[in-house]
Amino acid sequence: IYVVVTSYEPLRVYVYKEGLARFASESYSTKASKSNQYMHLTNYSINKKNEQFIQNDNIENDDVGFKWSLTAFCNHLEQVGIDMDLMWSRIYDTIIKTLACGENYVLQAMRKNNMFRLNCFEVFGFDILIDSDLKPWVLEVNLSPSLATDAPLDMKIKSNLITDTLNLVGVK
């Protein structure tokens, strides 16, 4: 999930509700080898090396393969009866708490470097795992996340993210 922070004083956060949902390219099994990285990880750079990996090459079908659009994933969850308002509420809560953990350090650095609240912004990439109870778990937060585009779906989502971010911060 992409998050844009335009201010820390006051904290101003925008959640970009489009992104990429990544899946492991092999089904999880307790009987399989614990070293099978294709079963335990959703990392694209690892899974794309698996013979079973299916790349999504058509942006019109954004729910094919092992990387879907976040919209397609949310639509799927809604179709199987998941309360998406509840899930997003939990995700927002997790994002705010995560950003609050580092807020003091960011404010200190901004003061030290004479930065003001209106002259900077940051795009974060939140890797969030949703468990079977719909609880979000932050796996990692990427400062300046990769904007590489290995597939048409990446290009669509990431170029729209860049456009929307620049519009948000006032770059014409």
# chains A, B, ... in the order shown; residues from 1 in each chain; ligands from 1

call {"tool": "closest_atom_pairs", "arguments": {"of": "range 24-139 of chain A", "to": "range 152-159 of chain A", "cutoff": "8 Å", "atoms": "only C-alpha atoms", "output": "JSON lines"}}
result
{"residue": "A:Asn56", "atom": "CA", "partner": "A:Leu153", "partner_atom": "CA", "distance": 7.1}
{"residue": "A:Asp57", "atom": "CA", "partner": "A:Pro152", "partner_atom": "CA", "distance": 6.1}
{"residue": "A:Asn58", "atom": "CA", "partner": "A:Pro152", "partner_atom": "CA", "distance": 6.6}
{"residue": "A:Ile59", "atom": "CA", "partner": "A:Leu153", "partner_atom": "CA", "distance": 5.0}
{"residue": "A:Asp62", "atom": "CA", "partner": "A:Leu153", "partner_atom": "CA", "distance": 7.0}
{"residue": "A:Trp68", "atom": "CA", "partner": "A:Leu153", "partner_atom": "CA", "distance": 8.0}
{"residue": "A:Ser69", "atom": "CA", "partner": "A:Leu153", "partner_atom": "CA", "distance": 7.3}

call {"tool": "select_by_dssp", "arguments": {"residues": "range 50-155 of chain A", "states": "helix (DSSP H, G or I)", "output": "ChimeraX atom specification"}}
result
/A:70-79,84-112,152-155

call {"tool": "closest_residue", "arguments": {"among": "A:Glu18, A:Asp164, A:Glu26, A:Asp150", "to": "Asn75 in chain A", "atoms": "only C-alpha atoms"}}
result
A:Glu18

call {"tool": "closest_residue", "arguments": {"among": "A:Thr149, A:Phe126, A:Ala109, A:Ala100", "to": "Leu11 in chain A", "atoms": "only C-alpha atoms"}}
result
A:Ala100

call {"tool": "closest_atom_pairs", "arguments": {"of": "range 35-92 of chain A", "to": "range 136-142 of chain A", "cutoff": "10 Å", "atoms": "only C-alpha atoms", "output": "CSV"}}
result
residue,atom,partner,partner_atom,distance
A:Met87,CA,A:Pro136,CA,8.0
A:Trp88,CA,A:Pro136,CA,9.3
A:Arg90,CA,A:Pro136,CA,6.7
A:Ile91,CA,A:Pro136,CA,6.0
A:Tyr92,CA,A:Pro136,CA,9.5

call {"tool": "closest_residue", "arguments": {"among": "A:Ser29, A:Asn114, A:Ser146, A:Ser7", "to": "Ser45 in chain A", "atoms": "only C-alpha atoms"}}
result
A:Ser146

call {"tool": "residues_around", "arguments": {"residues": "Ser89 in chain A", "least_positions_apart": "5", "cutoff": "12 Å", "atoms": "only C-alpha atoms", "output": "list in words"}}
result
Val15, Asp83, Met84, Thr94, Ile95, Ile96, Leu134, Lys135 and Pro136 of chain A

call {"tool": "select_by_dssp", "arguments": {"residues": "range 19-164 of chain A", "states": "strand (DSSP E or B)", "output": "short mmCIF file (atom, residue, chain, number, x, y, z; two decimals) with N, CA and C atoms, in the first residue's frame"}}
result
data_model
loop_
_atom_site.label_atom_id
_atom_site.label_comp_id
_atom_site.auth_asym_id
_atom_site.auth_seq_id
_atom_site.Cartn_x
_atom_site.Cartn_y
_atom_site.Cartn_z
N LEU A 20 -0.44 -3.05 -5.34
CA LEU A 20 -0.26 -4.41 -5.82
C LEU A 20 -0.44 -5.41 -4.69
N ALA A 21 -1.23 -6.42 -4.93
CA ALA A 21 -1.37 -7.54 -4.01
C ALA A 21 -0.52 -8.67 -4.59
N ARG A 22 0.43 -9.15 -3.82
CA ARG A 22 1.32 -10.19 -4.31
C ARG A 22 1.05 -11.49 -3.55
N LYS A 67 0.34 -11.52 -9.10
CA LYS A 67 0.37 -10.10 -8.73
C LYS A 67 -0.90 -9.48 -9.29
N TRP A 68 -1.78 -9.04 -8.39
CA TRP A 68 -3.05 -8.42 -8.77
C TRP A 68 -3.03 -6.95 -8.38
N SER A 69 -3.95 -6.18 -8.96
CA SER A 69 -4.14 -4.82 -8.46
C SER A 69 -4.81 -4.94 -7.09
N GLU A 122 7.04 12.59 1.36
CA GLU A 122 7.64 11.28 1.18
C GLU A 122 6.58 10.27 0.78
N VAL A 123 6.96 9.38 -0.13
CA VAL A 123 6.11 8.25 -0.51
C VAL A 123 6.69 7.02 0.19
N PHE A 124 5.84 6.34 0.93
CA PHE A 124 6.24 5.11 1.60
C PHE A 124 5.51 3.94 0.95
N GLY A 125 6.16 2.80 0.92
CA GLY A 125 5.53 1.57 0.48
C GLY A 125 5.35 0.67 1.69
N PHE A 126 4.12 0.47 2.11
CA PHE A 126 3.83 -0.40 3.25
C PHE A 126 3.54 -1.79 2.73
N ASP A 127 4.34 -2.75 3.16
CA ASP A 127 4.07 -4.15 2.86
C ASP A 127 3.28 -4.70 4.04
N ILE A 128 2.01 -4.98 3.80
CA ILE A 128 1.11 -5.40 4.86
C ILE A 128 0.56 -6.78 4.54
N LEU A 129 0.66 -7.66 5.52
CA LEU A 129 0.09 -9.00 5.42
C LEU A 129 -1.24 -8.99 6.15
N ILE A 130 -2.27 -9.52 5.52
CA ILE A 130 -3.58 -9.63 6.15
C ILE A 130 -3.76 -11.09 6.57
N PRO A 136 -4.20 -6.71 10.04
CA PRO A 136 -3.05 -6.34 9.22
C PRO A 136 -1.75 -6.38 10.04
N TRP A 137 -0.72 -6.89 9.41
CA TRP A 137 0.61 -6.96 10.02
C TRP A 137 1.58 -6.24 9.09
N VAL A 138 2.32 -5.28 9.62
CA VAL A 138 3.31 -4.57 8.82
C VAL A 138 4.54 -5.46 8.71
N LEU A 139 4.86 -5.86 7.48
CA LEU A 139 6.07 -6.64 7.24
C LEU A 139 7.28 -5.74 7.13
N GLU A 140 7.10 -4.65 6.39
CA GLU A 140 8.16 -3.66 6.26
C GLU A 140 7.58 -2.38 5.68
N VAL A 141 8.31 -1.30 5.90
CA VAL A 141 7.95 -0.02 5.30
C VAL A 141 9.14 0.41 4.45
N ASN A 142 8.87 0.62 3.18
CA ASN A 142 9.93 1.03 2.26
C ASN A 142 9.93 2.53 2.08
N LEU A 143 11.05 3.14 2.38
CA LEU A 143 11.25 4.55 2.12
C LEU A 143 11.59 4.65 0.64
#

call {"tool": "atom_distance", "arguments": {"atom1": "CA of Val13 in chain A", "atom2": "CA of Gly170 in chain A"}}
result
15.3 Å

call {"tool": "atom_distance", "arguments": {"atom1": "CA of Lys17 in chain A", "atom2": "CA of Asn160 in chain A"}}
result
11.4 Å

call {"tool": "closest_residue", "arguments": {"among": "A:Met110, A:Ala148, A:Leu70, A:Ala24", "to": "Ile54 in chain A", "atoms": "only C-alpha atoms"}}
result
A:Ala24

call {"tool": "residues_around", "arguments": {"residues": "Asn119 in chain A", "least_positions_apart": "3", "cutoff": "10 Å", "atoms": "only C-alpha atoms", "output": "ChimeraX atom specification"}}
result
/A:6-7,115-116,169

call {"tool": "atom_distance", "arguments": {"atom1": "CA of Ile162 in chain A", "atom2": "CA of Val5 in chain A"}}
result
13.6 Å

call {"tool": "residues_around", "arguments": {"residues": "Tyr28 in chain A", "least_positions_apart": "5", "cutoff": "12 Å", "atoms": "only C-alpha atoms", "output": "list in words"}}
result
Phe23, Ser33, Lys34, Ser35, Asn36, Gln37, Tyr38, Met39, His40, Leu41 and Thr42 of chain A

call {"tool": "write_last_selection", "arguments": {"atoms": "N, CA, C and O atoms", "output": "compact mmCIF listing (two decimals), in the first residue's frame"}}
result
# COMPACT_ATOMS: atom_id res chain seq x y z
N PHE A 23 1.17 -12.59 -4.27
CA PHE A 23 0.89 -13.90 -3.70
C PHE A 23 2.09 -14.81 -3.90
O PHE A 23 2.83 -14.67 -4.87
N SER A 33 8.83 -28.58 2.29
CA SER A 33 10.09 -28.13 2.86
C SER A 33 9.99 -26.70 3.38
O SER A 33 9.42 -25.82 2.71
N LYS A 34 10.54 -26.48 4.55
CA LYS A 34 10.53 -25.13 5.13
C LYS A 34 11.44 -24.19 4.34
O LYS A 34 11.35 -22.98 4.48
N SER A 35 12.32 -24.73 3.51
CA SER A 35 13.21 -23.89 2.73
C SER A 35 12.61 -23.47 1.39
O SER A 35 13.25 -22.77 0.62
N ASN A 36 11.39 -23.90 1.11
CA ASN A 36 10.74 -23.54 -0.15
C ASN A 36 10.32 -22.07 -0.10
O ASN A 36 9.26 -21.73 0.39
N GLN A 37 11.15 -21.21 -0.63
CA GLN A 37 10.89 -19.78 -0.58
C GLN A 37 9.68 -19.36 -1.40
O GLN A 37 9.04 -18.35 -1.11
N TYR A 38 9.32 -20.14 -2.40
CA TYR A 38 8.16 -19.79 -3.23
C TYR A 38 6.85 -20.00 -2.49
O TYR A 38 5.82 -19.46 -2.87
N MET A 39 6.87 -20.76 -1.44
CA MET A 39 5.67 -21.05 -0.66
C MET A 39 5.55 -20.08 0.53
O MET A 39 4.46 -19.76 0.97
N HIS A 40 6.67 -19.61 1.02
CA HIS A 40 6.69 -18.81 2.24
C HIS A 40 6.77 -17.31 2.00
O HIS A 40 6.51 -16.53 2.92
N LEU A 41 7.15 -16.89 0.81
CA LEU A 41 7.35 -15.47 0.54
C LEU A 41 6.46 -14.99 -0.60
O LEU A 41 6.17 -15.75 -1.52
N THR A 42 6.06 -13.74 -0.54
CA THR A 42 5.28 -13.15 -1.61
C THR A 42 6.12 -12.17 -2.43
O THR A 42 5.62 -11.54 -3.34
